[in-house]
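Visitor: One file: input.pdb (PDB, C-alpha atoms and all ligand atoms).
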ATOM      1  CA  MET C 903       6.463   7.611   2.115  1.00  0.00           C
ATOM      2  CA  ASP C 904       4.439   5.753   4.679  1.00  0.00           C
ATOM      3  CA  ILE C 905       5.899   2.802   6.506  1.00  0.00           C
ATOM      4  CA  ASP C 906       3.875   0.031   8.069  1.00  0.00           C
ATOM      5  CA  ILE C 907       5.326  -2.746  10.195  1.00  0.00           C
ATOM      6  CA  ASP C 908       3.092  -5.762  10.711  1.00  0.00           C
ATOM      7  CA  GLN C 909       3.947  -6.662  14.287  1.00  0.00           C
ATOM      8  CA  ASP C 910       2.033  -9.932  13.940  1.00  0.00           C
ATOM      9  CA  VAL C 911       4.363 -11.031  11.153  1.00  0.00           C
ATOM     10  CA  CYS C 912       7.654  -9.633  12.455  1.00  0.00           C
ATOM     11  CA  ILE C 913       9.926 -12.325  13.868  1.00  0.00           C
ATOM     12  CA  GLY C 914      12.464  -9.909  15.300  1.00  0.00           C
ATOM     13  CA  ALA C 915      15.201 -10.745  12.818  1.00  0.00           C
ATOM     14  CA  GLY C 916      16.552  -7.206  13.047  1.00  0.00           C
ATOM     15  CA  GLN C 917      17.420  -6.880   9.358  1.00  0.00           C
ATOM     16  CA  CYS C 918      15.444  -3.671   9.053  1.00  0.00           C
ATOM     17  CA  ALA C 919      17.344  -1.975  11.879  1.00  0.00           C
ATOM     18  CA  LEU C 920      20.590  -3.075  10.271  1.00  0.00           C
ATOM     19  CA  ALA C 921      19.596  -1.817   6.833  1.00  0.00           C
ATOM     20  CA  ALA C 922      18.132   1.512   7.935  1.00  0.00           C
ATOM     21  CA  PRO C 923      19.291   2.271  11.492  1.00  0.00           C
ATOM     22  CA  GLY C 924      18.089   5.846  11.170  1.00  0.00           C
ATOM     23  CA  VAL C 925      14.505   4.718  10.778  1.00  0.00           C
ATOM     24  CA  PHE C 926      13.998   1.328  12.429  1.00  0.00           C
ATOM     25  CA  THR C 927      14.911   0.086  15.858  1.00  0.00           C
ATOM     26  CA  GLN C 928      13.939  -2.902  17.953  1.00  0.00           C
ATOM     27  CA  ASP C 929      11.792  -2.794  21.041  1.00  0.00           C
ATOM     28  CA  ASP C 930      12.565  -4.578  24.301  1.00  0.00           C
ATOM     29  CA  ASP C 931      11.186  -7.807  22.884  1.00  0.00           C
ATOM     30  CA  GLY C 932      13.298  -7.559  19.750  1.00  0.00           C
ATOM     31  CA  TYR C 933      10.486  -6.646  17.416  1.00  0.00           C
ATOM     32  CA  SER C 934      10.822  -3.914  14.878  1.00  0.00           C
ATOM     33  CA  THR C 935       9.502  -0.472  15.567  1.00  0.00           C
ATOM     34  CA  LEU C 936      10.018   2.944  14.059  1.00  0.00           C
ATOM     35  CA  LEU C 937      12.196   5.483  15.764  1.00  0.00           C
ATOM     36  CA  PRO C 938      10.270   8.417  17.261  1.00  0.00           C
ATOM     37  CA  GLY C 939       9.325  10.973  14.652  1.00  0.00           C
ATOM     38  CA  ARG C 940       9.790   8.491  11.812  1.00  0.00           C
ATOM     39  CA  GLU C 941       6.207   7.319  11.626  1.00  0.00           C
ATOM     40  CA  ASN C 942       5.574   9.016   8.321  1.00  0.00           C
ATOM     41  CA  GLY C 943       7.064  11.193   5.669  1.00  0.00           C
ATOM     42  CA  VAL C 944      10.328   9.279   5.566  1.00  0.00           C
ATOM     43  CA  THR C 945      12.325   9.552   2.370  1.00  0.00           C
ATOM     44  CA  ASP C 946      15.373   7.545   3.388  1.00  0.00           C
ATOM     45  CA  PRO C 947      16.133   5.248   0.403  1.00  0.00           C
ATOM     46  CA  MET C 948      17.408   2.661   2.829  1.00  0.00           C
ATOM     47  CA  VAL C 949      13.824   2.157   3.947  1.00  0.00           C
ATOM     48  CA  ARG C 950      13.144   0.284   0.710  1.00  0.00           C
ATOM     49  CA  GLU C 951      16.253  -1.763   1.259  1.00  0.00           C
ATOM     50  CA  ALA C 952      15.032  -2.574   4.755  1.00  0.00           C
ATOM     51  CA  ALA C 953      11.666  -3.690   3.403  1.00  0.00           C
ATOM     52  CA  ARG C 954      13.433  -5.963   0.930  1.00  0.00           C
ATOM     53  CA  ALA C 955      15.745  -7.297   3.620  1.00  0.00           C
ATOM     54  CA  CYS C 956      12.931  -8.361   5.918  1.00  0.00           C
ATOM     55  CA  PRO C 957      12.741 -12.171   5.674  1.00  0.00           C
ATOM     56  CA  VAL C 958       9.014 -12.263   6.378  1.00  0.00           C
ATOM     57  CA  SER C 959       7.963  -9.181   4.392  1.00  0.00           C
ATOM     58  CA  ALA C 960       6.565  -7.493   7.474  1.00  0.00           C
ATOM     59  CA  ILE C 961       7.390  -4.026   6.184  1.00  0.00           C
ATOM     60  CA  THR C 962       5.142  -2.232   3.741  1.00  0.00           C
ATOM     61  CA  VAL C 963       6.309   0.985   2.105  1.00  0.00           C
ATOM     62  CA  ARG C 964       3.887   3.200   0.232  1.00  0.00           C
ATOM     63  CA  GLU C 965       4.626   6.290  -1.725  1.00  0.00           C
ATOM     64  CA  ARG C 966       2.439   9.225  -0.909  1.00  0.00           C
ATOM     65  CA  THR C 967       0.432  10.384  -3.844  1.00  0.00           C
ATOM     66  CA  ALA C 968      -0.278  13.844  -2.528  1.00  0.00           C
TER      67      ALA C 968
HETATM   68  S1  LIG K1001      13.515  -7.337   9.353  1.00  0.00           S
HETATM   69 FE1  LIG K1001      11.314  -7.874   9.397  1.00  0.00          FE
HETATM   70  S2  LIG K1001      11.202  -9.565  10.868  1.00  0.00           S
HETATM   71 FE2  LIG K1001      13.163  -8.551  11.187  1.00  0.00          FE
HETATM   72  S3  LIG K1001      12.798  -7.068  12.852  1.00  0.00           S
HETATM   73 FE3  LIG K1001      12.520  -5.995  10.875  1.00  0.00          FE
HETATM   74  S4  LIG K1001      10.295  -6.157  10.446  1.00  0.00           S
HETATM   75 FE4  LIG K1001      10.790  -7.679  11.997  1.00  0.00          FE
END
Starting from the coordinates I provided, produce the structure as structure tokens.

Guide:
Amino acid sequence: MDIDIDQDVCIGAGQCALAAPGVFTQDDDGYSTLLPGRENGVTDPMVREAARACPVSAITVRERTA
């Protein structure tokens, strides 16, 4: 799946890093970012949980169709 984080929407709540610490982390300013090598092709089911947990819906998860 592909993961997109809208940095303009993110408020740095950190829920995504709590829900899926193997995929999301927070940068020096507290905003969400993906861990290196996790930019695409992630299948961790916790990613969906992280997207749901985000209070401002900054995370978009898309299944790959091919
Ligand atoms: S849960 Fe949402 S608002 Fe909080 S750090 Fe993650 S992307 Fe940003």

Visitor: Please write out the residues within 8 Å of ligand LIG 1001 (chain K) as a list in words, counting only C-alpha atoms and all ligand atoms.

Guide: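 Checking only C-alpha atoms and all ligand atoms against ligand LIG 1001 (chain K) at 8 Å gives Ile907, Asp908, Gln909, Val911, Cys912, Ile913, Gly914, Ala915, Gly916, Gln917, Cys918, Ala919, Phe926, Gln928, Gly932, Tyr933, Ser934, Thr935, Ala952, Ala953, Ala955, Cys956, Pro957, Val958, Ser959, Ala960 and Ile961 of chain C.
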
Visitor: Please produce an output containing C-alpha atoms for each residue in the selection, written as a compact mmCIF listing (two decimals), in the coordinates of the input.

Guide:
# COMPACT_ATOMS: atom_id res chain seq x y z
CA ILE C 907 5.33 -2.75 10.20
CA ASP C 908 3.09 -5.76 10.71
CA GLN C 909 3.95 -6.66 14.29
CA VAL C 911 4.36 -11.03 11.15
CA CYS C 912 7.65 -9.63 12.46
CA ILE C 913 9.93 -12.32 13.87
CA GLY C 914 12.46 -9.91 15.30
CA ALA C 915 15.20 -10.74 12.82
CA GLY C 916 16.55 -7.21 13.05
CA GLN C 917 17.42 -6.88 9.36
CA CYS C 918 15.44 -3.67 9.05
CA ALA C 919 17.34 -1.98 11.88
CA PHE C 926 14.00 1.33 12.43
CA GLN C 928 13.94 -2.90 17.95
CA GLY C 932 13.30 -7.56 19.75
CA TYR C 933 10.49 -6.65 17.42
CA SER C 934 10.82 -3.91 14.88
CA THR C 935 9.50 -0.47 15.57
CA ALA C 952 15.03 -2.57 4.76
CA ALA C 953 11.67 -3.69 3.40
CA ALA C 955 15.74 -7.30 3.62
CA CYS C 956 12.93 -8.36 5.92
CA PRO C 957 12.74 -12.17 5.67
CA VAL C 958 9.01 -12.26 6.38
CA SER C 959 7.96 -9.18 4.39
CA ALA C 960 6.56 -7.49 7.47
CA ILE C 961 7.39 -4.03 6.18

Visitor: Tell me, as a CSV table (one decimal) with C-alpha atoms, in the coordinates of the input, which residues lie within 8 Å of region 936-941 of chain C, counting only C-alpha atoms; anything in the same chain fewer than 2 positions away does not count.

Guide:
chain,number,residue,atom,x,y,z
C,904,ASP,CA,4.4,5.8,4.7
C,905,ILE,CA,5.9,2.8,6.5
C,924,GLY,CA,18.1,5.8,11.2
C,925,VAL,CA,14.5,4.7,10.8
C,926,PHE,CA,14.0,1.3,12.4
C,927,THR,CA,14.9,0.1,15.9
C,934,SER,CA,10.8,-3.9,14.9
C,943,GLY,CA,7.1,11.2,5.7
C,944,VAL,CA,10.3,9.3,5.6

Visitor: Please, which residues are within 9 Å of (2.6, 4.4, -1.6) by the file's coordinates, counting only C-alpha atoms, and could they come as a list in words?

Guide: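 The answer, in the requested form, is Met903, Asp904, Ile905, Thr962, Val963, Arg964, Glu965, Arg966 and Thr967 of chain C.
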
Visitor: Box along x, y and z, 6 Å on every side, all listed atoms of region 924-932 of chain C inside: centre and edge lengths in Å to one decimal, as AutoDock Vina command-line options.

Guide:
--center_x 14.6 --center_y -1.0 --center_z 17.5 --size_x 18.9 --size_y 25.7 --size_z 25.5

Visitor: Quick one: region 904-932 of chain C with N, CA and C atoms, as a JSON list (two decimals), in the frame of the given file?

Guide:
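Result file is selection-v5.json:
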[["chain", "number", "residue", "atom", "x", "y", "z"],
["C", 904, "ASP", "N", 5.00, 6.29, 3.44],
["C", 904, "ASP", "CA", 4.44, 5.75, 4.68],
["C", 904, "ASP", "C", 5.01, 4.36, 4.91],
["C", 905, "ILE", "N", 5.31, 4.09, 6.15],
["C", 905, "ILE", "CA", 5.90, 2.80, 6.51],
["C", 905, "ILE", "C", 4.97, 2.08, 7.47],
["C", 906, "ASP", "N", 4.69, 0.82, 7.17],
["C", 906, "ASP", "CA", 3.88, 0.03, 8.07],
["C", 906, "ASP", "C", 4.63, -1.24, 8.44],
["C", 907, "ILE", "N", 4.70, -1.51, 9.72],
["C", 907, "ILE", "CA", 5.33, -2.75, 10.20],
["C", 907, "ILE", "C", 4.24, -3.64, 10.77],
["C", 908, "ASP", "N", 4.08, -4.82, 10.21],
["C", 908, "ASP", "CA", 3.09, -5.76, 10.71],
["C", 908, "ASP", "C", 3.71, -6.52, 11.89],
["C", 909, "GLN", "N", 3.35, -6.08, 13.08],
["C", 909, "GLN", "CA", 3.95, -6.66, 14.29],
["C", 909, "GLN", "C", 3.55, -8.12, 14.47],
["C", 910, "ASP", "N", 2.45, -8.53, 13.83],
["C", 910, "ASP", "CA", 2.03, -9.93, 13.94],
["C", 910, "ASP", "C", 2.90, -10.84, 13.09],
["C", 911, "VAL", "N", 3.54, -10.25, 12.08],
["C", 911, "VAL", "CA", 4.36, -11.03, 11.15],
["C", 911, "VAL", "C", 5.84, -10.97, 11.54],
["C", 912, "CYS", "N", 6.25, -9.84, 12.08],
["C", 912, "CYS", "CA", 7.65, -9.63, 12.46],
["C", 912, "CYS", "C", 8.15, -10.75, 13.37],
["C", 913, "ILE", "N", 9.33, -11.27, 13.04],
["C", 913, "ILE", "CA", 9.93, -12.32, 13.87],
["C", 913, "ILE", "C", 11.14, -11.81, 14.64],
["C", 914, "GLY", "N", 11.37, -10.49, 14.54],
["C", 914, "GLY", "CA", 12.46, -9.91, 15.30],
["C", 914, "GLY", "C", 13.84, -10.22, 14.75],
["C", 915, "ALA", "N", 13.91, -10.40, 13.44],
["C", 915, "ALA", "CA", 15.20, -10.74, 12.82],
["C", 915, "ALA", "C", 16.19, -9.58, 12.84],
["C", 916, "GLY", "N", 15.67, -8.37, 12.91],
["C", 916, "GLY", "CA", 16.55, -7.21, 13.05],
["C", 916, "GLY", "C", 17.17, -6.71, 11.76],
["C", 917, "GLN", "N", 16.82, -7.31, 10.63],
["C", 917, "GLN", "CA", 17.42, -6.88, 9.36],
["C", 917, "GLN", "C", 17.05, -5.44, 9.01],
["C", 918, "CYS", "N", 15.87, -5.03, 9.39],
["C", 918, "CYS", "CA", 15.44, -3.67, 9.05],
["C", 918, "CYS", "C", 16.28, -2.65, 9.81],
["C", 919, "ALA", "N", 16.54, -2.91, 11.09],
["C", 919, "ALA", "CA", 17.34, -1.98, 11.88],
["C", 919, "ALA", "C", 18.78, -1.94, 11.38],
["C", 920, "LEU", "N", 19.25, -3.05, 10.84],
["C", 920, "LEU", "CA", 20.59, -3.08, 10.27],
["C", 920, "LEU", "C", 20.65, -2.30, 8.97],
["C", 921, "ALA", "N", 19.61, -2.44, 8.15],
["C", 921, "ALA", "CA", 19.60, -1.82, 6.83],
["C", 921, "ALA", "C", 19.34, -0.32, 6.92],
["C", 922, "ALA", "N", 18.47, 0.09, 7.82],
["C", 922, "ALA", "CA", 18.13, 1.51, 7.94],
["C", 922, "ALA", "C", 18.09, 1.90, 9.41],
["C", 923, "PRO", "N", 19.25, 2.00, 10.04],
["C", 923, "PRO", "CA", 19.29, 2.27, 11.49],
["C", 923, "PRO", "C", 18.78, 3.65, 11.87],
["C", 924, "GLY", "N", 18.62, 4.53, 10.88],
["C", 924, "GLY", "CA", 18.09, 5.85, 11.17],
["C", 924, "GLY", "C", 16.58, 5.88, 11.21],
["C", 925, "VAL", "N", 15.97, 4.76, 10.86],
["C", 925, "VAL", "CA", 14.50, 4.72, 10.78],
["C", 925, "VAL", "C", 13.92, 3.64, 11.69],
["C", 926, "PHE", "N", 14.53, 2.45, 11.66],
["C", 926, "PHE", "CA", 14.00, 1.33, 12.43],
["C", 926, "PHE", "C", 14.86, 1.06, 13.65],
["C", 927, "THR", "N", 14.19, 0.58, 14.69],
["C", 927, "THR", "CA", 14.91, 0.09, 15.86],
["C", 927, "THR", "C", 14.15, -1.13, 16.35],
["C", 928, "GLN", "N", 14.63, -1.74, 17.42],
["C", 928, "GLN", "CA", 13.94, -2.90, 17.95],
["C", 928, "GLN", "C", 13.50, -2.60, 19.38],
["C", 929, "ASP", "N", 12.29, -3.05, 19.70],
["C", 929, "ASP", "CA", 11.79, -2.79, 21.04],
["C", 929, "ASP", "C", 12.40, -3.80, 22.02],
["C", 930, "ASP", "N", 11.96, -3.75, 23.27],
["C", 930, "ASP", "CA", 12.56, -4.58, 24.30],
["C", 930, "ASP", "C", 12.42, -6.07, 24.02],
["C", 931, "ASP", "N", 11.41, -6.40, 23.22],
["C", 931, "ASP", "CA", 11.19, -7.81, 22.88],
["C", 931, "ASP", "C", 11.88, -8.21, 21.59],
["C", 932, "GLY", "N", 12.56, -7.25, 20.97],
["C", 932, "GLY", "CA", 13.30, -7.56, 19.75],
["C", 932, "GLY", "C", 12.53, -7.33, 18.48]]
